[in-house]
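Working notes for the structure below.
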Amino acid sequence: MTKPIKINIDSWKNCSSRSEVDELALKFKGFVLDTVITEGANTWGFLTVDYEGKSIFIPIGYANAGLVPEVVLVFDAILIGINEKLIGIDIEKLLATFIYRLPTIFHEFIEFNETNFTIRDETGFICLSYQGMKIWEFIIDDIIETFEIQNDVITGHTFEGKEFQFKIP
């Protein structure tokens with residue numbers, strides 16, 4: 001299992017508007033990525049990442065559902081999970097390698113290995129390659145409250161008290 005570097009969300013800087021983000025991007029001394037925007041964006045801000053001598057500015061606009069963007073650095077990629085999107089960015093080329101639309105709101109990155117990673121959204125789990133191709137998914141009809149993974153089996157409970165279990169392929 002590969003251990004990603006979780007980018008400290010304390011580096012998240014809120015801005016009052018997209019124009020403020022754009023102004024700060026113009027002043028940034030380093031590389032500025034294209035703005036990541038989710039549907040209904042009403043919260044604006046940016047992250048900065050320093051990697052092997054590169055300073056990278058990542059502007060983000062998203063619909064505030066109470067969850068902040070989660071960003072990890074794994075291998076030579078930055079992965080961003082926010083709202084209904086997962087974005088992969090090649091850190092060497094500074095280009096998006098994929099944008100994957102989730103069925104519901106992103107919650108967290110779960111596991112990483114040499115070829116793929118697993119995330120949890122509100123109602124399930126999805127495993128993707130680092131190129132953004134879906135390998136498998138397990139979706140239920142309720143919001144996940146708790147879960148655990150043991151011996152390649154995901155078990156848990158929903159907010160309505162239903163139990164679920166899924167054998168990872």
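So you can find residues: chains in the structure tokens are A, B, ... in the order shown, residues in each start at 1, and ligands are numbered from 1 in order.
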As a ChimeraX atom specification, please: all residues of chain A that backbone DSSP puts in strand (DSSP E or B).
/A:5-6,13-15,31-32,36-37,43-51,54-62,70-74,77-82,85-90,95-101,106-112,116-121,124-129,134-139,144-150,153-158,163-167
Let's have the selection written as a short mmCIF file (atom, residue, chain, number, x, y, z; two decimals), in the first residue's frame, with C-alpha atoms.
data_model
loop_
_atom_site.label_atom_id
_atom_site.label_comp_id
_atom_site.auth_asym_id
_atom_site.auth_seq_id
_atom_site.Cartn_x
_atom_site.Cartn_y
_atom_site.Cartn_z
CA ILE A 5 1.21 12.85 1.24
CA LYS A 6 -1.92 14.57 2.45
CA LYS A 13 -7.17 30.26 1.85
CA ASN A 14 -10.73 31.49 1.61
CA CYS A 15 -11.48 34.35 -0.74
CA PHE A 31 2.71 27.92 -11.55
CA VAL A 32 -1.03 28.62 -11.60
CA VAL A 36 -11.32 23.81 -10.41
CA ILE A 37 -15.05 24.65 -10.34
CA THR A 43 -17.24 29.48 -2.05
CA TRP A 44 -13.88 30.53 -3.47
CA GLY A 45 -10.33 30.01 -2.41
CA PHE A 46 -7.04 28.40 -3.28
CA LEU A 47 -4.37 25.98 -2.14
CA THR A 48 -0.67 26.28 -2.64
CA VAL A 49 1.58 23.26 -2.98
CA ASP A 50 5.36 23.22 -2.90
CA TYR A 51 6.81 20.15 -4.59
CA LYS A 54 7.83 24.06 -7.74
CA SER A 55 5.29 26.40 -6.17
CA ILE A 56 1.82 25.59 -7.46
CA PHE A 57 -1.35 27.68 -7.02
CA ILE A 58 -4.63 25.73 -7.25
CA PRO A 59 -7.72 27.99 -7.49
CA ILE A 60 -10.98 26.30 -6.46
CA GLY A 61 -14.65 27.32 -6.54
CA TYR A 62 -17.19 24.98 -5.01
CA GLU A 70 -9.33 17.22 0.22
CA VAL A 71 -6.03 17.13 -1.62
CA VAL A 72 -3.34 14.45 -1.66
CA LEU A 73 -0.04 14.06 -3.45
CA VAL A 74 0.66 10.50 -4.54
CA ALA A 77 -0.07 13.37 -9.15
CA ILE A 78 -2.16 15.78 -7.15
CA LEU A 79 -5.63 14.34 -6.47
CA ILE A 80 -8.41 16.72 -5.47
CA GLY A 81 -11.79 15.61 -4.14
CA ILE A 82 -14.51 18.22 -3.78
CA LYS A 85 -15.68 15.90 -8.61
CA LEU A 86 -12.38 14.07 -8.44
CA ILE A 87 -9.57 15.74 -10.32
CA GLY A 88 -6.17 14.26 -11.14
CA ILE A 89 -3.31 16.63 -11.97
CA ASP A 90 0.05 15.56 -13.38
CA LEU A 95 -2.12 19.57 -16.44
CA ALA A 96 -5.33 17.85 -15.44
CA THR A 97 -5.14 14.18 -16.40
CA PHE A 98 -8.76 13.44 -15.53
CA ILE A 99 -11.97 14.86 -14.10
CA TYR A 100 -14.33 12.21 -12.73
CA ARG A 101 -17.93 13.01 -11.83
CA PHE A 106 -17.02 13.36 -2.14
CA HIS A 107 -16.09 12.59 1.48
CA GLU A 108 -12.59 11.13 1.64
CA PHE A 109 -9.71 9.28 0.05
CA ILE A 110 -9.54 5.77 1.57
CA GLU A 111 -6.71 3.67 0.13
CA PHE A 112 -3.87 3.97 -2.36
CA ASN A 116 -5.30 2.73 -8.18
CA PHE A 117 -7.00 4.49 -5.29
CA THR A 118 -10.34 4.22 -3.49
CA ILE A 119 -12.59 7.03 -2.33
CA ARG A 120 -15.81 7.27 -0.35
CA ASP A 121 -18.63 9.55 -1.35
CA GLY A 124 -20.62 4.43 -1.66
CA PHE A 125 -17.07 3.58 -2.58
CA ILE A 126 -15.33 3.92 -5.94
CA CYS A 127 -11.94 2.60 -7.03
CA LEU A 128 -10.22 4.49 -9.86
CA SER A 129 -6.94 4.13 -11.71
CA LYS A 134 -13.36 3.34 -12.85
CA ILE A 135 -12.25 -0.11 -11.72
CA TRP A 136 -15.19 -0.90 -9.43
CA GLU A 137 -17.89 0.79 -7.38
CA PHE A 138 -20.20 -0.14 -4.54
CA ILE A 139 -23.17 2.22 -4.14
CA ILE A 144 -22.97 6.09 4.95
CA GLU A 145 -22.53 6.79 8.66
CA THR A 146 -19.72 4.39 9.59
CA PHE A 147 -17.56 1.84 7.81
CA GLU A 148 -14.39 -0.20 8.14
CA ILE A 149 -12.24 -2.23 5.78
CA GLN A 150 -10.78 -5.57 6.88
CA VAL A 153 -14.28 -6.45 2.88
CA ILE A 154 -16.03 -3.13 3.50
CA THR A 155 -18.70 -3.27 6.21
CA GLY A 156 -20.68 -0.49 7.80
CA HIS A 157 -23.95 1.20 8.68
CA THR A 158 -26.05 3.91 7.08
CA GLU A 163 -25.97 -2.67 7.54
CA PHE A 164 -23.93 -3.20 4.40
CA GLN A 165 -21.08 -5.44 3.35
CA PHE A 166 -19.03 -5.53 0.15
CA LYS A 167 -16.18 -7.81 -0.91
#
Exercise for review: Determine the nearest neighbour of Lys162 in chain A from the options A:Ile143, A:Leu94, A:Leu67, A:Leu33, counting only C-alpha atoms.
Suggested key: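 Among the listed residues, the smallest separation from Lys162 in chain A belongs to A:Ile143.
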Suppose you want the space between CA of Glu84 in chain A and CA of Gly66 in chain A; what is it in Å?
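Answer for the CA of Glu84 in chain A to CA of Gly66 in chain A separation: 13.2 Å.
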One decimal place gives the CA of Glu39 in chain A-CA of Ala63 in chain A separation as 6.6 Å
Review point. CA of Glu122 in chain A and CA of Thr104 in chain A, how far apart in Å?
Key: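 The value is 5.8 Å.
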